[in-house]
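File shown: entry.txt (compact mmCIF, C-alpha atoms and all ligand atoms).
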```txt
# COMPACT_ATOMS: atom_id res chain seq x y z
CA MET F 1 117.15 121.31 89.90
CA SER F 2 114.82 119.72 87.41
CA ARG F 3 112.14 117.53 88.99
CA ARG F 4 110.95 114.10 87.93
CA SER F 5 107.40 112.92 88.08
CA GLY F 6 108.43 109.92 90.13
CA ALA F 7 111.15 107.36 90.51
CA ARG F 8 111.01 103.68 89.65
CA LEU F 9 110.30 101.74 92.84
CA LEU F 10 112.63 98.85 93.47
CA HIS F 11 110.30 96.43 95.25
CA GLY F 12 111.98 93.62 97.16
CA GLY F 13 108.91 91.36 97.29
CA PRO F 14 109.07 89.87 93.77
CA ILE F 15 112.84 89.35 94.05
CA ALA F 16 112.39 87.64 97.40
CA THR F 17 109.67 85.37 95.95
CA GLU F 18 111.99 84.37 93.11
CA ILE F 19 114.83 83.58 95.53
CA ARG F 20 112.54 81.66 97.91
CA ALA F 21 111.26 79.44 95.10
CA THR F 22 114.83 78.28 94.40
CA VAL F 23 115.44 77.76 98.12
CA ALA F 24 112.29 75.64 98.54
CA ALA F 25 113.34 73.34 95.66
CA GLU F 26 116.83 72.92 97.11
CA ILE F 27 115.48 72.22 100.58
CA ILE F 28 113.36 69.36 99.22
CA GLU F 29 116.50 67.77 97.75
CA LEU F 30 118.49 68.34 100.93
CA LYS F 31 115.78 66.82 103.12
CA GLU F 32 115.73 63.72 100.93
CA ARG F 33 119.49 63.30 101.18
CA LEU F 34 119.78 64.12 104.88
CA GLY F 35 116.61 62.53 106.18
CA PHE F 36 115.78 65.63 108.24
CA ALA F 37 114.98 69.32 107.72
CA PRO F 38 118.13 71.42 108.22
CA ALA F 39 117.67 73.92 111.03
CA LEU F 40 118.36 77.61 111.41
CA ALA F 41 119.07 78.51 115.05
CA ILE F 42 118.45 82.09 116.12
CA VAL F 43 120.23 82.97 119.34
CA LEU F 44 118.17 85.47 121.28
CA VAL F 45 119.90 86.79 124.38
CA GLY F 46 117.49 88.46 126.78
CA LYS F 47 113.97 89.51 125.99
CA ASP F 48 113.61 92.24 123.36
CA ALA F 49 110.10 92.85 121.99
CA PRO F 50 110.86 94.59 118.64
CA SER F 51 113.47 92.05 117.65
CA ALA F 52 111.11 89.24 118.68
CA VAL F 53 108.65 90.46 116.02
CA TYR F 54 111.43 90.44 113.41
CA LEU F 55 112.40 86.95 114.53
CA GLN F 56 108.87 85.69 113.99
CA GLN F 57 109.15 86.86 110.37
CA ILE F 58 112.34 84.86 109.88
CA LEU F 59 110.81 81.80 111.54
CA ARG F 60 107.78 82.05 109.24
CA SER F 61 110.06 82.28 106.16
CA CYS F 62 111.86 79.17 107.42
CA ARG F 63 108.62 77.23 107.87
CA ASN F 64 107.41 78.22 104.40
CA ALA F 65 110.66 77.01 102.86
CA GLY F 66 110.65 73.69 104.75
CA ILE F 67 113.49 74.74 107.05
CA ALA F 68 113.32 73.96 110.77
CA GLY F 69 113.59 77.41 112.35
CA ARG F 70 114.50 77.28 116.00
CA LEU F 71 114.80 79.99 118.64
CA ALA F 72 117.65 79.34 121.03
CA GLU F 73 116.70 81.65 123.86
CA VAL F 74 119.26 82.55 126.48
CA ASP F 75 117.31 84.69 128.85
CA CYS F 76 117.41 83.13 132.30
CA ASP F 77 121.01 83.74 133.21
CA ILE F 78 122.65 86.24 130.91
CA CYS F 79 126.38 85.75 131.23
CA PRO F 80 128.90 85.53 128.39
CA ASP F 81 130.00 81.99 129.33
CA HIS F 82 126.45 80.74 129.28
CA VAL F 83 125.80 82.27 125.83
CA ARG F 84 129.09 80.90 124.49
CA ARG F 85 128.32 77.39 125.74
CA ASP F 86 124.89 77.49 124.09
CA ILE F 87 126.45 78.51 120.78
CA GLU F 88 129.03 75.74 121.05
CA ASP F 89 126.17 73.25 121.55
CA LEU F 90 124.57 74.55 118.34
CA ASN F 91 127.94 74.25 116.55
CA ARG F 92 128.02 70.56 117.49
CA ASP F 93 124.35 69.88 116.67
CA PRO F 94 124.38 67.84 113.42
CA THR F 95 120.91 69.08 112.41
CA VAL F 96 121.73 72.81 112.73
CA ALA F 97 123.00 74.24 109.44
CA GLY F 98 123.11 77.93 110.37
CA ILE F 99 123.29 80.12 113.44
CA ILE F 100 122.38 83.79 113.66
CA ILE F 101 122.68 86.07 116.65
CA GLN F 102 119.95 88.58 117.26
CA GLN F 103 121.51 91.98 117.87
CA PRO F 104 121.82 94.18 119.85
CA LEU F 105 123.05 92.01 122.71
CA PRO F 106 122.52 93.05 126.31
CA PRO F 107 125.43 95.20 127.56
CA GLU F 108 126.74 92.44 129.84
CA VAL F 109 127.47 90.18 126.85
CA PRO F 110 130.34 91.42 124.66
CA LEU F 111 129.57 90.95 120.95
CA ARG F 112 133.09 89.74 120.23
CA THR F 113 132.80 86.82 122.67
CA VAL F 114 129.62 85.67 120.96
CA ILE F 115 130.86 86.17 117.40
CA ASP F 116 134.07 84.26 118.06
CA ALA F 117 132.09 81.29 119.40
CA ILE F 118 130.20 80.64 116.14
CA ASP F 119 131.57 77.98 113.83
CA PRO F 120 132.42 79.97 110.63
CA ALA F 121 130.85 77.14 108.59
CA LYS F 122 127.49 77.84 110.32
CA ASP F 123 127.89 81.64 110.39
CA ILE F 124 125.28 82.31 107.72
CA ASP F 125 125.09 86.04 108.50
CA GLY F 126 128.81 86.50 107.92
CA ILE F 127 129.71 88.06 111.26
CA HIS F 128 132.65 85.82 112.24
CA PRO F 129 136.12 87.33 111.57
CA VAL F 130 136.91 84.45 109.19
CA ASN F 131 133.95 85.33 106.95
CA ALA F 132 134.59 89.08 107.27
CA GLY F 133 138.21 88.43 106.25
CA LEU F 134 137.17 86.33 103.26
CA LEU F 135 134.87 89.14 102.12
CA SER F 136 137.59 91.78 102.42
CA LEU F 137 139.98 89.61 100.40
CA GLY F 138 137.31 88.99 97.76
CA TYR F 139 137.12 85.25 98.51
CA ASP F 140 134.03 83.15 98.88
CA GLY F 141 132.57 83.09 102.41
CA PHE F 142 129.28 83.83 104.10
CA LEU F 143 128.25 87.46 103.52
CA PRO F 144 126.21 89.57 105.93
CA ALA F 145 122.69 89.01 104.61
CA THR F 146 121.52 92.65 104.60
CA ALA F 147 124.54 93.94 102.70
CA HIS F 148 124.27 91.00 100.31
CA ALA F 149 120.56 91.77 99.83
CA ALA F 150 121.23 95.46 99.09
CA VAL F 151 123.64 94.60 96.27
CA GLU F 152 121.56 91.65 95.01
CA LEU F 153 118.56 93.98 94.77
CA LEU F 154 120.58 96.35 92.57
CA LYS F 155 121.79 93.51 90.35
CA ARG F 156 118.43 91.79 89.98
CA SER F 157 116.80 95.15 89.20
CA GLY F 158 119.21 95.57 86.30
CA VAL F 159 121.09 98.53 87.80
CA GLU F 160 124.57 98.82 86.36
CA ILE F 161 127.18 99.00 89.12
CA ALA F 162 130.51 98.68 87.32
CA GLY F 163 132.15 102.05 86.76
CA LYS F 164 129.53 103.91 88.83
CA ARG F 165 130.24 106.16 91.77
CA ALA F 166 128.68 104.63 94.88
CA VAL F 167 128.29 106.24 98.29
CA VAL F 168 127.49 104.08 101.31
CA VAL F 169 126.26 106.01 104.35
CA GLY F 170 126.98 104.00 107.50
CA ARG F 171 129.99 101.84 108.33
CA SER F 172 128.63 99.11 110.61
CA ASN F 173 130.17 95.66 110.34
CA ILE F 174 126.83 94.11 109.40
CA VAL F 175 125.64 96.59 106.75
CA GLY F 176 127.72 99.60 105.68
CA LYS F 177 131.20 98.10 105.56
CA PRO F 178 130.24 94.83 103.82
CA ALA F 179 127.96 96.70 101.37
CA ALA F 180 130.90 98.93 100.43
CA LEU F 181 133.15 95.89 99.89
CA LEU F 182 130.51 94.19 97.76
CA LEU F 183 130.03 97.29 95.62
CA LEU F 184 133.80 97.45 95.20
CA ARG F 185 133.73 93.79 94.14
CA GLU F 186 131.17 94.82 91.50
CA HIS F 187 133.65 97.47 90.26
CA ALA F 188 131.98 100.61 91.60
CA THR F 189 134.10 103.49 92.87
CA VAL F 190 133.07 103.50 96.50
CA THR F 191 133.02 106.17 99.20
CA VAL F 192 131.99 105.26 102.75
CA CYS F 193 130.46 108.04 104.86
CA HIS F 194 129.72 108.05 108.59
CA SER F 195 128.90 110.35 111.46
CA ARG F 196 132.24 112.20 111.17
CA THR F 197 131.99 112.82 107.42
CA PRO F 198 132.25 116.63 107.26
CA ASP F 199 130.08 117.26 104.21
CA LEU F 200 127.73 114.35 103.57
CA ARG F 201 125.64 116.39 101.16
CA ARG F 202 128.65 117.00 98.90
CA GLU F 203 129.47 113.27 98.83
CA LEU F 204 125.89 112.29 98.09
CA ARG F 205 125.46 114.82 95.30
CA ARG F 206 128.22 113.00 93.36
CA ALA F 207 126.78 109.51 93.81
CA ASP F 208 125.16 107.43 91.07
CA ILE F 209 124.30 104.73 93.62
CA VAL F 210 123.48 105.52 97.26
CA VAL F 211 123.14 102.91 100.01
CA VAL F 212 121.94 104.34 103.32
CA ALA F 213 122.18 102.39 106.59
CA ILE F 214 122.34 104.76 109.55
CA GLY F 215 119.24 104.14 111.64
CA LYS F 216 117.95 107.75 111.47
CA PRO F 217 114.41 108.17 110.11
CA ALA F 218 114.14 110.17 106.85
CA PHE F 219 117.61 111.62 107.37
CA VAL F 220 118.67 111.74 103.70
CA THR F 221 116.40 114.12 101.79
CA GLY F 222 115.83 114.63 98.07
CA ASP F 223 117.83 117.84 97.94
CA MET F 224 120.94 115.91 99.04
CA LEU F 225 120.74 113.49 96.12
CA LYS F 226 121.85 113.62 92.52
CA ARG F 227 119.21 113.51 89.85
CA ASP F 228 119.08 110.04 88.34
CA ALA F 229 120.74 108.39 91.33
CA VAL F 230 119.62 104.93 92.44
CA VAL F 231 118.91 104.77 96.17
CA ILE F 232 118.89 101.67 98.37
CA ASP F 233 117.38 102.52 101.73
CA VAL F 234 118.41 99.89 104.25
CA GLY F 235 117.04 101.75 107.27
CA ILE F 236 114.14 100.37 109.27
CA ASN F 237 112.88 102.81 111.90
CA VAL F 238 109.69 102.65 113.92
CA VAL F 239 108.03 106.08 113.98
CA GLY F 240 104.70 105.97 115.77
CA ASP F 241 102.86 103.07 114.16
CA ALA F 242 104.81 103.24 110.91
CA LEU F 243 108.06 101.81 109.60
CA VAL F 244 110.20 104.37 107.77
CA GLY F 245 113.58 104.25 106.13
CA ASP F 246 116.67 106.39 106.58
CA VAL F 247 115.75 108.26 103.38
CA ASP F 248 112.91 110.77 103.15
CA PHE F 249 110.99 108.76 100.56
CA GLU F 250 108.64 111.47 99.30
CA SER F 251 111.29 114.10 98.59
CA ALA F 252 113.81 111.58 97.26
CA ARG F 253 111.44 109.94 94.80
CA GLN F 254 110.91 113.32 93.09
CA VAL F 255 114.60 113.50 92.24
CA VAL F 256 116.13 110.08 91.81
CA ARG F 257 115.82 107.46 89.07
CA ALA F 258 115.00 104.56 91.36
CA ILE F 259 114.50 103.97 95.08
CA THR F 260 113.58 101.11 97.41
CA PRO F 261 110.43 101.58 99.47
CA VAL F 262 110.42 100.96 103.23
CA PRO F 263 108.90 98.59 104.10
CA GLY F 264 109.01 96.30 101.08
CA GLY F 265 112.48 97.03 99.72
CA VAL F 266 115.64 95.54 101.21
CA GLY F 267 113.86 93.79 104.12
CA PRO F 268 112.15 90.94 102.22
CA VAL F 269 115.25 90.34 100.12
CA THR F 270 117.38 90.07 103.28
CA ASN F 271 115.16 87.31 104.66
CA ALA F 272 115.25 85.40 101.38
CA ILE F 273 119.03 85.80 101.00
CA LEU F 274 119.52 84.47 104.52
CA LEU F 275 117.71 81.30 103.47
CA THR F 276 120.07 80.87 100.48
CA HIS F 277 122.98 81.11 102.91
CA LEU F 278 121.33 78.45 105.03
CA VAL F 279 120.95 76.14 102.04
CA ARG F 280 124.62 76.59 101.26
CA ALA F 281 125.59 75.73 104.85
CA ALA F 282 123.19 72.77 104.86
CA ARG F 283 125.01 71.20 101.92
CA ALA F 284 127.87 70.51 104.34
CA LEU F 285 125.64 68.53 106.75
CA ARG F 286 125.71 64.73 106.81
CA PRO F 287 122.81 62.30 107.29
CA LEU F 288 122.48 61.23 110.93
CA PRO F 289 123.96 57.81 111.69
CA GLU F 290 121.47 54.93 111.86
CA PRO F 291 120.49 54.18 115.46
CA VAL F 292 122.57 51.27 116.82
CA ALA F 293 120.47 48.07 116.80
CA GLN F 294 119.61 46.93 120.33
CA GLY F 295 120.56 43.36 121.27
CA ASP F 296 117.85 40.93 122.34
CA PRO F 297 116.65 41.60 125.83
CA GLN F 298 118.33 39.26 128.37
P1 LIG O 301 124.55 100.98 113.33
O1 LIG O 301 125.39 99.82 113.70
O2 LIG O 301 123.94 101.81 114.40
O3 LIG O 301 125.45 101.93 112.40
C1 LIG O 301 124.97 103.16 111.99
C2 LIG O 301 126.00 103.81 111.10
O4 LIG O 301 125.45 105.05 110.66
C3 LIG O 301 127.30 104.14 111.82
O5 LIG O 301 128.39 103.80 110.98
C4 LIG O 301 127.23 105.65 112.04
O6 LIG O 301 128.47 106.31 111.97
C5 LIG O 301 126.39 106.07 110.84
N1 LIG O 301 125.72 107.33 111.11
C6 LIG O 301 124.93 107.64 112.17
N2 LIG O 301 124.52 108.91 112.08
C7 LIG O 301 125.03 109.41 110.94
C8 LIG O 301 124.96 110.67 110.30
N3 LIG O 301 124.26 111.69 110.83
N4 LIG O 301 125.62 110.84 109.14
C9 LIG O 301 126.32 109.83 108.60
N5 LIG O 301 126.43 108.60 109.15
C10 LIG O 301 125.79 108.41 110.32
O7 LIG O 301 123.35 100.57 112.37
P2 LIG O 301 123.20 99.27 111.41
O8 LIG O 301 123.08 98.04 112.24
O9 LIG O 301 124.18 99.33 110.31
O10 LIG O 301 121.73 99.57 110.83
C11 LIG O 301 121.47 100.71 110.06
C12 LIG O 301 120.02 100.75 109.66
O11 LIG O 301 119.71 99.60 108.88
C13 LIG O 301 119.03 100.70 110.84
O12 LIG O 301 117.90 101.49 110.51
C14 LIG O 301 118.63 99.24 110.91
O13 LIG O 301 117.34 99.06 111.47
C15 LIG O 301 118.61 98.89 109.45
N6 LIG O 301 118.80 97.46 109.18
C16 LIG O 301 117.99 96.92 108.22
C17 LIG O 301 118.11 95.59 107.89
C18 LIG O 301 117.25 95.05 106.77
O14 LIG O 301 117.13 93.84 106.59
N7 LIG O 301 116.66 95.90 105.94
C19 LIG O 301 119.02 94.78 108.55
C20 LIG O 301 119.87 95.35 109.50
C21 LIG O 301 119.75 96.71 109.80
P3 LIG O 301 129.64 106.06 113.04
O15 LIG O 301 130.25 104.74 112.69
O16 LIG O 301 130.56 107.20 112.82
O17 LIG O 301 128.98 106.06 114.39
```

Represent the supplied structure as structure tokens.
Ligand code: NAP
Amino acid sequence: MSRRSGARLLHGGPIATEIRATVAAEIIELKERLGFAPALAIVLVGKDAPSAVYLQQILRSCRNAGIAGRLAEVDCDICPDHVRRDIEDLNRDPTVAGIIIQQPLPPEVPLRTVIDAIDPAKDIDGIHPVNAGLLSLGYDGFLPATAHAAVELLKRSGVEIAGKRAVVVGRSNIVGKPAALLLLREHATVTVCHSRTPDLRRELRRADIVVVAIGKPAFVTGDMLKRDAVVIDVGINVVGDALVGDVDFESARQVVRAITPVPGGVGPVTNAILLTHLVRAARALRPLPEPVAQGDPQ
């Protein structure tokens, strides 16, 4: 195999900055029309330290864009009914534009119960069956932000997708499956691999575009990849004090044409894309009614 001196790095930061600038301008307009800052509600069920750190990042992005980020914590009495009622309250709240659910949920709360409770019009991370159905039919709905970010990163980096052979490793509902559908929408020929794929290496060696989302640090190595492939590493794994992707960055970058770093690749774009989904949902909000004038005191 001939070796390259180094791949082009597909940094997510500049793309995220570009997206956030558009979001900030749209939020100013929305605030003027609505008279309030549209809110993103993050439902956090139970206490989970690593996800709490990730949530702080989203809340900071919200603040910077002029969005009212709000943590809706359900941690005192974890039961499915309680969580569902809280989500229904957020559905009715006229200032909440979007709702996301921090996953994984505690085992006593079935994901399906929670997903079904979200109003599809506020489901800005595209997890409700209505939005998943719209995606599979190729209609316009809310897309899962990470999958959307992976494909947006390819497009904004000028990577041609149409007619290319794409392999997605991982078939989760929030990343692998929707990424495969989006690549199909962009006219790639798509193969989805998972833990029962008998010969992953063979599939990968044929791929022009590789999207990896499996949650296994440095699992995909350079020798598994085709020369000149473009690799989107969605994985975020904590190893010691470091964050690493699902792709072994050092070996892969010697072989491929382009690769996303971890951190600094898909992650920042995901956060920015989520804000664009929020803006879209916020366009459906209405100004709050004027408070009813009080009569003269008796
Ligand atoms: P997940 O729900 O655990 O799904 C993992 C998928 O990987 C499953 O489909 C599984 O196959 C497949 N898999 C596991 N081991 C495999 C192997 N040895 N060979 C081939 N496929 C294998 O994970 P997820 O939620 O999709 O997340 C995946 C990664 O993306 C994680 O590292 C997560 O932290 C990261 N992530 C990043 C962002 C971001 O913004 N960058 C957002 C969300 C998630 P089976 O279906 O057969 O079990």

Find the residues near stretch 185-190 of chain F: any atom within 10 Å, counting only C-alpha atoms, skip ones fewer than 3 places away on the same chain, and give them as a PyMOL selection string.
chain F and resi 135-138+151+155+160-168+179-182+193+207-210

List as an NGL selection string the protein and nucleic acid residues lying within 6 Å of ligand LIG 301 (chain O), with only C-alpha atoms and all ligand atoms counted.
:F and (146 or 169-172 or 174-176 or 193-196 or 213-215 or 234-237 or 266-267 or 270)

Kindly export the residues of the current selection with C-alpha atoms, as a short mmCIF file (atom, residue, chain, number, x, y, z; two decimals), in the coordinates of the input.
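That gives us again-v4.cif:
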```cif
data_model
loop_
_atom_site.label_atom_id
_atom_site.label_comp_id
_atom_site.auth_asym_id
_atom_site.auth_seq_id
_atom_site.Cartn_x
_atom_site.Cartn_y
_atom_site.Cartn_z
CA THR F 146 121.52 92.65 104.60
CA VAL F 169 126.26 106.01 104.35
CA GLY F 170 126.98 104.00 107.50
CA ARG F 171 129.99 101.84 108.33
CA SER F 172 128.63 99.11 110.61
CA ILE F 174 126.83 94.11 109.40
CA VAL F 175 125.64 96.59 106.75
CA GLY F 176 127.72 99.60 105.68
CA CYS F 193 130.46 108.04 104.86
CA HIS F 194 129.72 108.05 108.59
CA SER F 195 128.90 110.35 111.46
CA ARG F 196 132.24 112.20 111.17
CA ALA F 213 122.18 102.39 106.59
CA ILE F 214 122.34 104.76 109.55
CA GLY F 215 119.24 104.14 111.64
CA VAL F 234 118.41 99.89 104.25
CA GLY F 235 117.04 101.75 107.27
CA ILE F 236 114.14 100.37 109.27
CA ASN F 237 112.88 102.81 111.90
CA VAL F 266 115.64 95.54 101.21
CA GLY F 267 113.86 93.79 104.12
CA THR F 270 117.38 90.07 103.28
#
```

Fewer than 4 positions away in the same chain doesn't count, so skip those; otherwise give me all residues within 10 Å of F:Val23, counting all atoms listed in the file, as a compact mmCIF listing (two decimals) with C-alpha atoms, in the coordinates of the input.
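Output saved as part-v6.txt:
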```txt
# COMPACT_ATOMS: atom_id res chain seq x y z
CA THR F 17 109.67 85.37 95.95
CA GLU F 18 111.99 84.37 93.11
CA ILE F 19 114.83 83.58 95.53
CA ILE F 27 115.48 72.22 100.58
CA ILE F 28 113.36 69.36 99.22
CA ALA F 65 110.66 77.01 102.86
CA GLY F 66 110.65 73.69 104.75
CA ILE F 67 113.49 74.74 107.05
CA ALA F 272 115.25 85.40 101.38
CA ILE F 273 119.03 85.80 101.00
CA LEU F 275 117.71 81.30 103.47
CA THR F 276 120.07 80.87 100.48
CA HIS F 277 122.98 81.11 102.91
CA LEU F 278 121.33 78.45 105.03
CA VAL F 279 120.95 76.14 102.04
CA ARG F 280 124.62 76.59 101.26
```

One number please: atom CA of F:Arg206 to atom CA of F:Met224, in Å, one decimal.
9.7 Å

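Interatomic distance, atom CA of F:Ala121 against atom CA of F:Ala281: 6.6 Å.
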